[in-house]
$ cat data_26.tsv   # TSV, C-alpha atoms
chain	number	residue	atom	x	y	z
A	64	MET	CA	-43.04	50.49	47.43
A	65	GLU	CA	-41.67	52.60	44.61
A	66	SER	CA	-38.10	51.37	45.29
A	67	ALA	CA	-39.24	47.74	45.32
A	68	ARG	CA	-40.97	48.12	41.97
A	69	LEU	CA	-37.77	49.48	40.42
A	70	ALA	CA	-35.53	46.77	41.89
A	71	LEU	CA	-37.52	43.95	40.22
A	72	PRO	CA	-36.69	44.90	36.60
A	73	LEU	CA	-33.09	45.48	37.60
A	74	ARG	CA	-32.78	41.96	39.00
A	75	ARG	CA	-34.28	40.54	35.79
A	76	LEU	CA	-31.86	42.49	33.66
A	77	ALA	CA	-28.96	41.34	35.82
A	78	GLN	CA	-29.59	37.68	34.83
A	79	PRO	CA	-27.85	36.32	31.68
A	80	LEU	CA	-29.87	35.55	28.59
A	81	ALA	CA	-31.15	31.97	28.52
A	82	ARG	CA	-29.99	31.37	24.92
A	83	HIS	CA	-26.48	31.98	23.69
A	84	ALA	CA	-24.84	31.58	20.34
A	85	ARG	CA	-22.79	28.54	19.48
A	86	CYS	CA	-20.63	27.86	16.45
A	87	ASN	CA	-17.80	25.50	15.73
A	88	ALA	CA	-14.48	27.01	16.73
A	89	VAL	CA	-16.27	30.23	17.91
A	90	ARG	CA	-16.62	30.92	21.66
A	91	SER	CA	-20.11	31.35	23.13
A	92	PHE	CA	-21.00	34.79	24.23
A	93	THR	CA	-24.01	36.62	25.78
A	94	SER	CA	-25.48	40.06	25.38
A	95	ALA	CA	-24.01	43.27	26.70
A	96	SER	CA	-26.59	43.23	29.51
A	97	SER	CA	-25.02	40.15	31.12
A	98	ARG	CA	-21.65	41.88	31.27
A	99	ALA	CA	-23.21	44.82	33.17
A	100	SER	CA	-25.11	42.57	35.56
A	101	ALA	CA	-22.22	42.01	38.01
A	102	ALA	CA	-22.52	45.58	39.25
A	103	ALA	CA	-26.28	45.41	39.30
A	104	VAL	CA	-26.44	42.47	41.73
A	105	ASP	CA	-25.53	44.56	44.77
A	106	ILE	CA	-27.62	47.59	43.89
A	107	GLN	CA	-29.57	48.92	46.87
A	108	PRO	CA	-32.77	50.64	45.82
A	109	SER	CA	-32.38	53.28	48.45
A	110	GLN	CA	-28.90	54.31	47.29
A	111	HIS	CA	-29.15	54.48	43.47
A	112	PRO	CA	-31.28	56.45	41.07
A	113	VAL	CA	-33.68	54.77	38.66
A	114	PRO	CA	-31.65	53.50	35.72
A	115	ASP	CA	-32.32	54.52	32.18
A	116	PRO	CA	-33.74	51.45	30.38
A	117	SER	CA	-31.85	52.48	27.26
A	118	ALA	CA	-28.61	51.56	29.07
A	119	PHE	CA	-29.68	47.89	28.83
A	120	PRO	CA	-30.49	47.30	25.17
A	121	ILE	CA	-32.30	44.15	24.19
A	122	PRO	CA	-29.95	42.14	21.93
A	123	GLY	CA	-30.97	41.70	18.34
A	124	PRO	CA	-30.84	38.48	16.27
A	125	ILE	CA	-27.71	36.39	16.93
A	126	GLN	CA	-25.32	36.38	13.98
A	127	ILE	CA	-23.92	32.88	13.35
A	128	PRO	CA	-20.59	33.09	11.47
A	129	VAL	CA	-20.63	31.25	8.14
A	130	PRO	CA	-18.23	28.23	8.31
A	131	VAL	CA	-15.13	28.70	6.18
A	132	PRO	CA	-15.01	25.88	3.61
A	133	VAL	CA	-11.94	23.63	3.66
A	134	GLN	CA	-9.76	24.65	0.75
A	135	PRO	CA	-8.54	21.85	-1.53
A	136	GLU	CA	-4.85	21.16	-1.68
A	137	ALA	CA	-3.01	23.74	-3.73
A	138	PRO	CA	-2.30	22.48	-7.27
A	139	ALA	CA	1.43	23.01	-6.89
A	140	GLN	CA	1.50	20.92	-3.71
A	141	ALA	CA	-0.66	18.20	-5.27
A	142	SER	CA	1.73	18.09	-8.22
A	143	LYS	CA	4.70	17.69	-5.93
A	144	ASN	CA	2.99	14.86	-4.04
A	145	VAL	CA	2.17	12.89	-7.21
A	146	LEU	CA	5.70	13.31	-8.51
A	147	SER	CA	7.37	12.54	-5.18
A	148	ASP	CA	5.32	9.35	-4.85
A	149	ALA	CA	6.42	8.29	-8.32
A	150	VAL	CA	10.07	9.08	-7.57
A	151	ALA	CA	9.94	7.11	-4.29
A	152	ALA	CA	8.58	3.97	-5.98
A	153	THR	CA	10.42	0.72	-5.41
A	154	GLN	CA	8.26	-1.36	-7.73
A	155	PRO	CA	5.95	-0.75	-10.70
A	156	ARG	CA	2.25	0.01	-10.23
A	157	ASN	CA	-0.51	-0.26	-12.83
A	158	ASN	CA	-3.31	1.77	-11.25
A	159	TRP	CA	-2.30	5.19	-12.54
A	160	THR	CA	-5.03	7.71	-13.29
A	161	LYS	CA	-4.99	10.08	-16.24
A	162	GLU	CA	-4.98	12.98	-13.81
A	163	GLU	CA	-1.83	11.71	-12.11
A	164	ILE	CA	-0.05	11.13	-15.42
A	165	THR	CA	-1.11	14.57	-16.64
A	166	THR	CA	0.35	16.13	-13.50
A	167	ILE	CA	3.67	14.36	-14.07
A	168	TYR	CA	3.74	15.09	-17.81
A	169	ASN	CA	3.18	18.82	-17.23
A	170	HIS	CA	5.82	19.17	-14.51
A	171	PRO	CA	8.59	21.71	-15.28
A	172	LEU	CA	10.70	19.97	-17.88
A	173	LEU	CA	14.22	20.14	-16.48
A	174	ASP	CA	13.11	18.93	-13.06
A	175	LEU	CA	10.96	16.25	-14.72
A	176	VAL	CA	14.08	14.95	-16.50
A	177	HIS	CA	16.04	15.05	-13.25
A	178	GLN	CA	13.37	13.18	-11.27
A	179	ALA	CA	12.98	10.58	-14.04
A	180	GLY	CA	16.75	10.12	-13.97
A	181	LEU	CA	16.63	9.32	-10.26
A	182	VAL	CA	14.08	6.58	-10.87
A	183	HIS	CA	16.07	5.31	-13.85
A	184	ARG	CA	19.15	4.87	-11.68
A	185	ARG	CA	17.17	2.92	-9.10
A	186	PHE	CA	15.87	0.37	-11.59
A	187	HIS	CA	18.56	0.31	-14.30
A	188	ASN	CA	22.25	0.78	-14.89
A	189	PRO	CA	22.26	4.27	-16.47
A	190	ALA	CA	25.38	3.51	-18.53
A	191	GLU	CA	23.72	0.62	-20.38
A	192	VAL	CA	21.73	1.10	-23.58
A	193	GLN	CA	20.24	-1.77	-25.54
A	194	LEU	CA	21.24	-1.91	-29.22
A	195	CYS	CA	18.46	-3.27	-31.45
A	196	THR	CA	18.52	-3.82	-35.19
A	197	LEU	CA	15.28	-3.94	-37.18
A	198	MET	CA	14.96	-5.76	-40.50
A	199	ASN	CA	12.02	-5.56	-42.87
A	200	ILE	CA	11.47	-9.22	-43.75
A	201	LYS	CA	8.35	-8.50	-45.84
A	202	THR	CA	8.18	-5.08	-47.51
A	203	GLY	CA	4.95	-3.43	-48.72
A	204	GLY	CA	1.65	-4.87	-49.87
A	205	CYS	CA	-0.17	-4.19	-46.59
A	206	THR	CA	-3.96	-3.85	-46.75
A	207	GLU	CA	-4.15	-1.48	-43.79
A	208	ASP	CA	-4.63	2.30	-44.06
A	209	CYS	CA	-2.26	3.54	-41.32
A	210	SER	CA	-1.85	7.19	-42.31
A	211	TYR	CA	1.86	7.29	-41.53
A	212	CYS	CA	2.98	4.10	-43.28
A	213	ALA	CA	4.55	3.84	-46.73
A	214	GLN	CA	3.92	0.08	-46.83
A	215	ALA	CA	0.16	0.40	-47.33
A	216	THR	CA	-0.85	-0.70	-50.83
A	217	ARG	CA	-3.35	2.17	-51.13
A	218	TYR	CA	-0.52	4.74	-50.90
A	219	GLN	CA	1.82	2.94	-53.27
A	220	SER	CA	1.24	5.27	-56.22
A	221	GLY	CA	2.28	8.24	-54.10
A	222	THR	CA	5.18	6.66	-52.22
A	223	GLY	CA	6.59	4.57	-55.06
A	224	LEU	CA	7.31	1.72	-52.65
A	225	GLN	CA	7.11	-1.66	-54.38
A	226	ALA	CA	5.93	-4.74	-52.51
A	227	LYS	CA	8.43	-7.59	-52.16
A	228	ARG	CA	8.27	-11.24	-51.28
A	229	THR	CA	9.19	-12.45	-47.80
A	230	GLU	CA	12.94	-12.71	-47.27
A	231	SER	CA	14.40	-16.19	-46.98
A	232	VAL	CA	15.40	-17.61	-43.62
A	233	SER	CA	19.05	-17.70	-44.64
A	234	THR	CA	19.04	-14.04	-45.71
A	235	VAL	CA	17.50	-12.96	-42.42
A	236	LEU	CA	19.93	-14.97	-40.32
A	237	ALA	CA	22.89	-13.55	-42.26
A	238	ALA	CA	21.65	-10.05	-41.46
A	239	ALA	CA	21.23	-11.00	-37.80
A	240	ALA	CA	24.78	-12.33	-37.63
A	241	ALA	CA	26.09	-9.10	-39.17
A	242	ALA	CA	24.17	-7.04	-36.61
A	243	ARG	CA	25.55	-9.15	-33.80
A	244	ALA	CA	29.09	-8.61	-35.06
A	245	ARG	CA	28.52	-4.85	-34.92
A	246	GLY	CA	27.28	-4.96	-31.32
A	247	SER	CA	23.49	-5.38	-31.54
A	248	THR	CA	22.00	-7.69	-28.93
A	249	ARG	CA	18.35	-7.73	-30.07
A	250	PHE	CA	17.28	-8.49	-33.64
A	251	CYS	CA	13.78	-7.42	-34.65
A	252	MET	CA	11.94	-8.65	-37.74
A	253	GLY	CA	8.98	-6.77	-39.23
A	254	ALA	CA	6.50	-7.93	-41.85
A	255	ALA	CA	3.94	-5.67	-43.55
A	256	TRP	CA	0.97	-7.91	-42.80
A	257	ARG	CA	-2.38	-6.99	-41.32
A	258	ASP	CA	-2.57	-10.31	-39.49
A	259	MET	CA	-1.43	-13.94	-39.74
A	260	ARG	CA	-4.67	-15.52	-40.92
A	261	GLY	CA	-4.01	-17.99	-43.72
A	262	ARG	CA	-0.26	-17.63	-43.37
A	263	ARG	CA	0.72	-21.04	-42.06
A	264	ASN	CA	3.82	-21.21	-44.21
A	265	GLY	CA	4.72	-17.65	-43.34
A	266	LEU	CA	4.41	-18.38	-39.62
A	267	ARG	CA	6.62	-21.48	-39.93
A	268	GLU	CA	9.28	-19.42	-41.72
A	269	VAL	CA	9.17	-16.72	-39.05
A	270	ALA	CA	9.47	-19.38	-36.33
A	271	ALA	CA	12.58	-20.72	-38.08
A	272	MET	CA	14.01	-17.19	-38.17
A	273	VAL	CA	13.34	-16.80	-34.45
A	274	ARG	CA	15.10	-20.06	-33.64
A	275	GLY	CA	18.07	-19.02	-35.77
A	276	VAL	CA	18.38	-15.62	-34.08
A	277	ARG	CA	18.20	-17.20	-30.64
A	278	ALA	CA	20.92	-19.65	-31.67
A	279	LEU	CA	23.17	-16.63	-32.27
A	280	GLY	CA	22.74	-15.65	-28.62
A	281	MET	CA	20.55	-12.66	-29.50
A	282	GLU	CA	17.13	-11.63	-28.31
A	283	ALA	CA	14.49	-12.11	-31.03
A	284	CYS	CA	11.55	-9.77	-31.60
A	285	VAL	CA	8.94	-9.77	-34.38
A	286	THR	CA	6.10	-7.51	-35.48
A	287	LEU	CA	3.66	-9.29	-37.81
A	288	GLY	CA	0.36	-7.49	-37.28
A	289	MET	CA	-2.49	-9.08	-35.35
A	290	ILE	CA	-2.07	-12.62	-34.03
A	291	ASP	CA	-4.32	-14.98	-32.11
A	292	GLY	CA	-3.57	-17.15	-29.11
A	293	ALA	CA	-2.50	-20.23	-31.08
A	294	GLN	CA	-0.11	-18.21	-33.25
A	295	ALA	CA	1.37	-16.55	-30.17
A	296	ALA	CA	1.90	-19.98	-28.60
A	297	GLU	CA	3.72	-21.20	-31.73
A	298	LEU	CA	6.04	-18.20	-31.64
A	299	ALA	CA	6.65	-18.73	-27.93
A	300	ALA	CA	7.59	-22.35	-28.59
A	301	ALA	CA	10.16	-21.13	-31.12
A	302	GLY	CA	11.78	-19.05	-28.39
A	303	LEU	CA	10.50	-15.57	-29.30
A	304	THR	CA	11.71	-12.98	-26.79
A	305	ALA	CA	9.31	-10.13	-27.55
A	306	TYR	CA	6.41	-9.24	-29.84
A	307	ASN	CA	5.98	-5.64	-30.98
A	308	HIS	CA	2.50	-4.27	-31.54
A	309	ASN	CA	2.27	-0.51	-31.05
A	310	LEU	CA	-0.89	1.23	-29.89
A	311	ASP	CA	0.28	4.34	-31.81
A	312	THR	CA	-1.67	6.95	-29.82
A	313	SER	CA	-4.62	7.45	-27.48
A	314	ARG	CA	-7.87	5.57	-27.92
A	315	GLU	CA	-9.63	8.87	-28.65
A	316	PHE	CA	-7.28	10.03	-31.41
A	317	TYR	CA	-6.64	6.60	-32.92
A	318	PRO	CA	-9.57	6.65	-35.42
A	319	SER	CA	-8.00	9.75	-37.00
A	320	VAL	CA	-4.93	7.67	-37.88
A	321	VAL	CA	-6.17	4.14	-38.65
A	322	SER	CA	-9.59	2.84	-39.67
A	323	THR	CA	-8.87	-0.73	-40.79
A	324	ARG	CA	-7.95	-2.03	-37.33
A	325	THR	CA	-9.57	-1.06	-34.03
A	326	TYR	CA	-7.86	-0.08	-30.82
A	327	ASP	CA	-9.42	-3.07	-29.06
A	328	GLU	CA	-8.03	-5.42	-31.72
A	329	ARG	CA	-4.57	-4.11	-30.91
A	330	LEU	CA	-5.16	-4.66	-27.20
A	331	ARG	CA	-6.38	-8.21	-27.86
A	332	THR	CA	-3.14	-8.99	-29.70
A	333	LEU	CA	-1.17	-7.72	-26.71
A	334	ALA	CA	-3.25	-9.96	-24.44
A	335	HIS	CA	-2.51	-13.03	-26.63
A	336	VAL	CA	1.20	-12.22	-26.53
A	337	ARG	CA	1.20	-11.75	-22.77
A	338	GLU	CA	-0.77	-14.95	-22.16
A	339	ALA	CA	1.71	-16.91	-24.27
A	340	GLY	CA	4.55	-15.79	-22.01
A	341	ILE	CA	6.17	-13.53	-24.63
A	342	ASN	CA	7.42	-10.09	-23.61
A	343	VAL	CA	5.16	-7.27	-24.81
A	344	CYS	CA	6.77	-4.43	-26.77
A	345	SER	CA	4.26	-1.64	-27.33
A	346	GLY	CA	4.60	2.11	-27.71
A	347	GLY	CA	3.46	4.97	-29.86
A	348	ILE	CA	4.21	7.57	-32.50
A	349	LEU	CA	4.46	11.28	-31.71
A	350	GLY	CA	3.72	13.94	-34.32
A	351	LEU	CA	0.59	12.42	-35.85
A	352	GLY	CA	-1.37	15.58	-35.04
A	353	GLU	CA	-2.22	14.45	-31.53
A	354	THR	CA	-2.37	16.68	-28.46
A	355	ALA	CA	-0.54	16.39	-25.15
A	356	ALA	CA	-3.74	14.83	-23.76
A	357	ASP	CA	-3.44	12.08	-26.38
A	358	ARG	CA	0.14	11.36	-25.34
A	359	VAL	CA	-1.09	11.10	-21.76
A	360	GLY	CA	-3.86	8.78	-22.98
A	361	LEU	CA	-1.34	6.48	-24.64
A	362	LEU	CA	0.82	6.44	-21.51
A	363	HIS	CA	-2.24	5.73	-19.38
A	364	THR	CA	-3.26	2.76	-21.52
A	365	VAL	CA	0.14	1.03	-21.48
A	366	SER	CA	0.83	1.79	-17.81
A	367	THR	CA	-2.50	0.27	-16.70
A	368	LEU	CA	-2.17	-3.00	-18.62
A	369	PRO	CA	-2.19	-6.10	-16.36
A	370	SER	CA	1.60	-5.89	-16.51
A	371	HIS	CA	3.74	-3.15	-17.98
A	372	PRO	CA	5.24	-3.78	-21.42
A	373	GLU	CA	8.81	-5.07	-21.31
A	374	SER	CA	9.71	-2.29	-23.70
A	375	PHE	CA	8.07	0.97	-24.73
A	376	PRO	CA	9.24	2.39	-28.10
A	377	VAL	CA	8.84	6.14	-28.53
A	378	ASN	CA	8.73	7.04	-32.22
A	379	ALA	CA	8.81	10.51	-33.75
A	380	LEU	CA	6.87	10.55	-37.01
A	381	VAL	CA	9.09	10.49	-40.07
A	382	PRO	CA	6.78	12.05	-42.69
A	383	ILE	CA	6.83	10.08	-45.94
A	384	LYS	CA	5.66	11.79	-49.11
A	385	GLY	CA	2.63	10.12	-50.59
A	386	THR	CA	1.10	9.14	-47.26
A	387	PRO	CA	-1.72	11.16	-45.66
A	388	LEU	CA	0.71	12.44	-43.02
A	389	GLY	CA	3.51	13.10	-45.49
A	390	ASP	CA	3.41	16.86	-44.93
A	391	ARG	CA	3.20	16.90	-41.14
A	392	PRO	CA	5.70	19.22	-39.41
A	393	PRO	CA	8.20	17.49	-37.13
A	394	ILE	CA	7.23	16.99	-33.50
A	395	ASP	CA	8.98	19.37	-31.13
A	396	PHE	CA	11.75	17.72	-29.16
A	397	THR	CA	10.36	18.76	-25.78
A	398	SER	CA	7.26	16.61	-26.39
A	399	MET	CA	9.52	13.64	-27.11
A	400	LEU	CA	11.56	14.32	-23.96
A	401	ARG	CA	8.46	14.76	-21.78
A	402	THR	CA	7.00	11.49	-23.04
A	403	ILE	CA	10.22	9.58	-22.34
A	404	ALA	CA	10.61	11.06	-18.85
A	405	THR	CA	6.96	10.41	-17.95
A	406	ALA	CA	7.18	6.84	-19.26
A	407	ARG	CA	10.21	6.25	-17.07
A	408	LEU	CA	8.44	7.58	-13.97
A	409	ILE	CA	5.22	5.59	-14.40
A	410	MET	CA	6.83	2.40	-15.80
A	411	PRO	CA	10.12	2.32	-13.91
A	412	ALA	CA	11.22	-1.21	-14.85
A	413	THR	CA	10.32	-0.97	-18.55
A	414	ILE	CA	12.95	-0.50	-21.26
A	415	VAL	CA	12.20	2.84	-22.96
A	416	ARG	CA	13.39	2.82	-26.57
A	417	ILE	CA	14.13	5.80	-28.81
A	418	ALA	CA	12.84	4.46	-32.10
A	419	ALA	CA	11.98	6.21	-35.39
A	420	GLY	CA	13.10	9.80	-35.73
A	421	ARG	CA	16.37	9.51	-33.81
A	422	LYS	CA	18.26	10.24	-37.03
A	423	THR	CA	17.20	13.90	-36.78
A	424	MET	CA	18.36	14.30	-33.15
A	425	SER	CA	21.69	15.83	-32.21
A	426	GLU	CA	23.92	13.95	-29.79
A	427	GLU	CA	22.96	16.43	-27.09
A	428	LYS	CA	19.25	15.73	-27.55
A	429	GLN	CA	19.89	12.00	-27.43
A	430	ALA	CA	21.92	12.46	-24.25
A	431	LEU	CA	19.01	14.29	-22.64
A	432	CYS	CA	16.75	11.36	-23.54
A	433	PHE	CA	19.20	8.93	-21.92
A	434	MET	CA	19.29	11.12	-18.81
A	435	ALA	CA	15.47	11.08	-18.73
A	436	GLY	CA	15.37	7.28	-18.75
A	437	ALA	CA	15.68	6.05	-22.34
A	438	ASN	CA	17.86	2.94	-22.42
A	439	ALA	CA	17.43	1.37	-25.87
A	440	ILE	CA	17.88	2.48	-29.48
A	441	PHE	CA	17.57	1.08	-32.99
A	442	THR	CA	20.83	0.98	-34.85
A	443	GLY	CA	21.76	-0.32	-38.30
A	444	GLU	CA	21.05	0.31	-41.92
A	445	LYS	CA	17.29	1.04	-41.90
A	446	MET	CA	14.19	1.44	-39.79
A	447	LEU	CA	11.85	-0.55	-42.06
A	448	THR	CA	11.54	2.07	-44.85
A	449	THR	CA	13.24	5.09	-43.22
A	450	GLU	CA	16.79	6.08	-42.33
A	451	CYS	CA	18.48	4.82	-39.19
A	452	ASN	CA	21.63	5.77	-37.30
A	453	ASP	CA	24.30	3.23	-38.23
A	454	TRP	CA	26.62	1.29	-35.94
A	455	ASP	CA	29.70	3.44	-36.55
A	456	GLU	CA	27.77	6.59	-35.72
A	457	ASP	CA	26.44	5.05	-32.53
A	458	LYS	CA	29.86	3.80	-31.49
A	459	VAL	CA	31.10	7.39	-31.56
A	460	LEU	CA	28.04	8.43	-29.54
A	461	PHE	CA	28.61	5.71	-26.93
A	462	ASP	CA	32.33	6.46	-26.59
A	463	ARG	CA	31.77	10.19	-26.22
A	464	TRP	CA	29.02	9.91	-23.60
A	465	GLY	CA	30.33	6.93	-21.64
A	466	LEU	CA	27.62	4.45	-22.66
A	467	GLU	CA	27.93	0.71	-23.21
A	468	PRO	CA	25.73	-1.90	-24.93
A	469	MET	CA	23.28	-3.80	-22.76
A	470	ARG	CA	23.92	-7.54	-22.77
A	471	SER	CA	21.36	-9.91	-24.25
A	472	PHE	CA	18.93	-11.41	-21.72
A	473	ASP	CA	20.95	-9.99	-18.84
A	474	LYS	CA	20.36	-6.39	-17.95
A	475	SER	CA	22.93	-5.32	-15.37
A	476	PRO	CA	21.55	-4.29	-11.97
A	477	PRO	CA	21.67	-0.62	-11.03
A	478	PRO	CA	24.82	0.50	-9.28
A	479	SER	CA	24.86	0.23	-5.49
A	480	PRO	CA	24.50	3.50	-3.58
A	481	SER	CA	27.89	4.88	-2.51
$ encode --input "data_26.tsv" --output "C-alpha cells"
Amino acid sequence: MESARLALPLRRLAQPLARHARCNAVRSFTSASSRASAAAVDIQPSQHPVPDPSAFPIPGPIQIPVPVPVQPEAPAQASKNVLSDAVAATQPRNNWTKEEITTIYNHPLLDLVHQAGLVHRRFHNPAEVQLCTLMNIKTGGCTEDCSYCAQATRYQSGTGLQAKRTESVSTVLAAAAAARARGSTRFCMGAAWRDMRGRRNGLREVAAMVRGVRALGMEACVTLGMIDGAQAAELAAAGLTAYNHNLDTSREFYPSVVSTRTYDERLRTLAHVREAGINVCSGGILGLGETAADRVGLLHTVSTLPSHPESFPVNALVPIKGTPLGDRPPIDFTSMLRTIATARLIMPATIVRIAAGRKTMSEEKQALCFMAGANAIFTGEKMLTTECNDWDEDKVLFDRWGLEPMRSFDKSPPPSPS
C-alpha cells in the first residue's frame, strides 16, 4: 500500500505540463519536470527509494520574450535608394516629396555632382550650352518692393537708378541681331513692370519685338511681371518661346523678400503661361538670407508643378547698394552647386541656367556647374542692371572646356552609349 501511494505522485509528475509557452519565432518548451519524466515512466515502486519532491520543482510564471521591433531602414541606405531611383530615371516625375529632395540635396557633394552628371548625359548633350542674352527694355520705375532689385522706385534714392521709357522696337531688334551675330540663340527681354494691366500699347510693342526676334531665327523670351490668360494668349500668338517669372525662394521665406506680390500670384502667372502653350521659365535667387530648407522648398515647388519648367534659372544674389539686401554677403559656391545638381536630378529634362552672379565665378567653378547639369548661361553686355560675362570671355571659356552653343529650337540628343 505504501509503495502504491508513492507511485501515484510520481506518475503525475512524469506527465508534461498542460500549458506551454508560445511566442513568434521562439520554440515552445515545457518545464524541467517533463524532461525528467522519461526515466520516471518505468520506475518500479519496489526497486526505487521515495524521491525527494524538491527534485521536481513546480515551474514559476512563464516568461514571454518581448518582440524585437522592426528597425526602420538605415538613413544612409534610404539616402542611397532615393538617389539611385533619381539616377535611374528615364523620364521626369512631378510627385517629389520635400523629404526626398532634402535627401538628395544633402548627399555628399562630389558624388552628388557625379550622379547629376550621369542623369545630365542621359537627357542632354553635355557639350551643349545655351547662350542667352538679356536686354532691359524698360528700366526702373517699378512699384514692387522686391528687396534685391534696384529697379524699384522706392529704392531709387539709394541706388541712383533713373527710370527710362520703354525701348523702341527697332532698338530692341538691333540688339537682338547683334547678339545673334555673337552666337546667342535665345534673346530675352525684361521690363520693370508689376503687371500688364492698362498696358495695351506696351503689350502690342512687346508682341512686335517677339515677332522680330523670331524672324531672326532666335528663341524669344520675355519677363513682364504678372500677366493674365488673355495677355498670355496674345504673346503666344506672336510666337513667344518662353515666359520668365521667377518664384525667387520658398513659399515660407518669400514674405521676407517681397510683400507687394504674393507667392500664389506668381504661381497663377505660371499657370496662365502654361495654359497658353508658352514654355515656363522659372527659378530662384540664392543668397537672400534663406536656409538650405528654403532652397529645397523652391525646388519642391517647381518640380511638382503640373509640368516641369522648360528652364530653371539659378541666380546668385548680386547685392546692390541702396536696396534692403545691398549688404548681404555672397552665397557660398557649394550652395549654388548643390542647387544645380539637385535641380538636374529631380528635373532631368529641364534646361538649368546659370544666371545672375556668374561674373564672380572662376572658370573652374563654372565647369563644375556644367558637370553637375547646368546647360545654359546669360552672355552679353548686362544682366538687367548688373554685370554680365561678355561674348568674348565666354568664347574663351567654351574653347578651353570643349563646349559648344546649343542651337535654337533644336537641342541635340544625348550621345549614344558606346
$ residues_near_point --input "data_26.tsv" --point "(5.6, 12.5, -7.5)" --cutoff "12 Å" --atoms "all atoms listed in the file" --output "VMD selection string"
chain A and resid 139 to 152 159 163 to 170 174 to 175 178 to 179 181 to 182 405 408 to 409
$ write_last_selection --input "data_26.tsv" --atoms "C-alpha atoms" --output "short mmCIF file (atom, residue, chain, number, x, y, z; two decimals), in the frame of the given file"
data_model
loop_
_atom_site.label_atom_id
_atom_site.label_comp_id
_atom_site.auth_asym_id
_atom_site.auth_seq_id
_atom_site.Cartn_x
_atom_site.Cartn_y
_atom_site.Cartn_z
CA ALA A 139 1.43 23.01 -6.89
CA GLN A 140 1.50 20.92 -3.71
CA ALA A 141 -0.66 18.20 -5.27
CA SER A 142 1.73 18.09 -8.22
CA LYS A 143 4.70 17.69 -5.93
CA ASN A 144 2.99 14.86 -4.04
CA VAL A 145 2.17 12.89 -7.21
CA LEU A 146 5.70 13.31 -8.51
CA SER A 147 7.37 12.54 -5.18
CA ASP A 148 5.32 9.35 -4.85
CA ALA A 149 6.42 8.29 -8.32
CA VAL A 150 10.07 9.08 -7.57
CA ALA A 151 9.94 7.11 -4.29
CA ALA A 152 8.58 3.97 -5.98
CA TRP A 159 -2.30 5.19 -12.54
CA GLU A 163 -1.83 11.71 -12.11
CA ILE A 164 -0.05 11.13 -15.42
CA THR A 165 -1.11 14.57 -16.64
CA THR A 166 0.35 16.13 -13.50
CA ILE A 167 3.67 14.36 -14.07
CA TYR A 168 3.74 15.09 -17.81
CA ASN A 169 3.18 18.82 -17.23
CA HIS A 170 5.82 19.17 -14.51
CA ASP A 174 13.11 18.93 -13.06
CA LEU A 175 10.96 16.25 -14.72
CA GLN A 178 13.37 13.18 -11.27
CA ALA A 179 12.98 10.58 -14.04
CA LEU A 181 16.63 9.32 -10.26
CA VAL A 182 14.08 6.58 -10.87
CA THR A 405 6.96 10.41 -17.95
CA LEU A 408 8.44 7.58 -13.97
CA ILE A 409 5.22 5.59 -14.40
#
$ closest_atom_pairs --input "data_26.tsv" --of "range 316-355 of chain A" --to "range 377-388 of chain A" --cutoff "12 Å" --atoms "only C-alpha atoms" --output "Markdown table"
| residue | atom | partner | partner_atom | distance |
| --- | --- | --- | --- | --- |
| A:Ser319 | CA | A:Pro387 | CA | 10.8 |
| A:Val320 | CA | A:Leu388 | CA | 9.0 |
| A:Val321 | CA | A:Pro387 | CA | 10.9 |
| A:Cys344 | CA | A:Val377 | CA | 10.9 |
| A:Ser345 | CA | A:Val377 | CA | 9.1 |
| A:Gly346 | CA | A:Val377 | CA | 5.9 |
| A:Gly347 | CA | A:Val377 | CA | 5.7 |
| A:Ile348 | CA | A:Asn378 | CA | 4.6 |
| A:Leu349 | CA | A:Ala379 | CA | 4.9 |
| A:Gly350 | CA | A:Leu380 | CA | 5.4 |
| A:Leu351 | CA | A:Leu380 | CA | 6.7 |
| A:Gly352 | CA | A:Leu388 | CA | 8.8 |
| A:Glu353 | CA | A:Leu380 | CA | 11.3 |
$ residues_around --input "data_26.tsv" --residues "Cys451 in chain A" --least-positions-apart "2" --cutoff "12 Å" --atoms "all atoms listed in the file" --output "MDAnalysis selection string"
chainID A and resid 195:198 381 417:424 440:449 453:457
$ write_last_selection --input "data_26.tsv" --atoms "C-alpha atoms" --output "CSV table (one decimal), in the frame of the given file"
chain,number,residue,atom,x,y,z
A,195,CYS,CA,18.5,-3.3,-31.4
A,196,THR,CA,18.5,-3.8,-35.2
A,197,LEU,CA,15.3,-3.9,-37.2
A,198,MET,CA,15.0,-5.8,-40.5
A,381,VAL,CA,9.1,10.5,-40.1
A,417,ILE,CA,14.1,5.8,-28.8
A,418,ALA,CA,12.8,4.5,-32.1
A,419,ALA,CA,12.0,6.2,-35.4
A,420,GLY,CA,13.1,9.8,-35.7
A,421,ARG,CA,16.4,9.5,-33.8
A,422,LYS,CA,18.3,10.2,-37.0
A,423,THR,CA,17.2,13.9,-36.8
A,424,MET,CA,18.4,14.3,-33.2
A,440,ILE,CA,17.9,2.5,-29.5
A,441,PHE,CA,17.6,1.1,-33.0
A,442,THR,CA,20.8,1.0,-34.8
A,443,GLY,CA,21.8,-0.3,-38.3
A,444,GLU,CA,21.0,0.3,-41.9
A,445,LYS,CA,17.3,1.0,-41.9
A,446,MET,CA,14.2,1.4,-39.8
A,447,LEU,CA,11.8,-0.6,-42.1
A,448,THR,CA,11.5,2.1,-44.8
A,449,THR,CA,13.2,5.1,-43.2
A,453,ASP,CA,24.3,3.2,-38.2
A,454,TRP,CA,26.6,1.3,-35.9
A,455,ASP,CA,29.7,3.4,-36.6
A,456,GLU,CA,27.8,6.6,-35.7
A,457,ASP,CA,26.4,5.0,-32.5
$ atom_distance --input "data_26.tsv" --atom1 "CA of Ala226 in chain A" --atom2 "CA of Thr202 in chain A"
5.5 Å
$ closest_residue --input "data_26.tsv" --among "A:Ala334, A:Ala412, A:Leu362, A:Ala435" --to "Phe186 in chain A" --atoms "all atoms listed in the file"
A:Ala412
$ atom_distance --input "data_26.tsv" --atom1 "CA of Ala238 in chain A" --atom2 "CA of Ala278 in chain A"
13.7 Å
$ closest_residue --input "data_26.tsv" --among "A:Phe316, A:Ala293, A:Thr325, A:Gly280" --to "Ala339 in chain A" --atoms "only C-alpha atoms"
A:Ala293
$ residues_near_point --input "data_26.tsv" --point "(5.4, -6.5, -19.3)" --cutoff "9 Å" --atoms "all atoms listed in the file" --output "JSON, numbers by chain"
{"A": [337, 341, 342, 343, 344, 368, 369, 370, 371, 372, 373, 374, 413]}
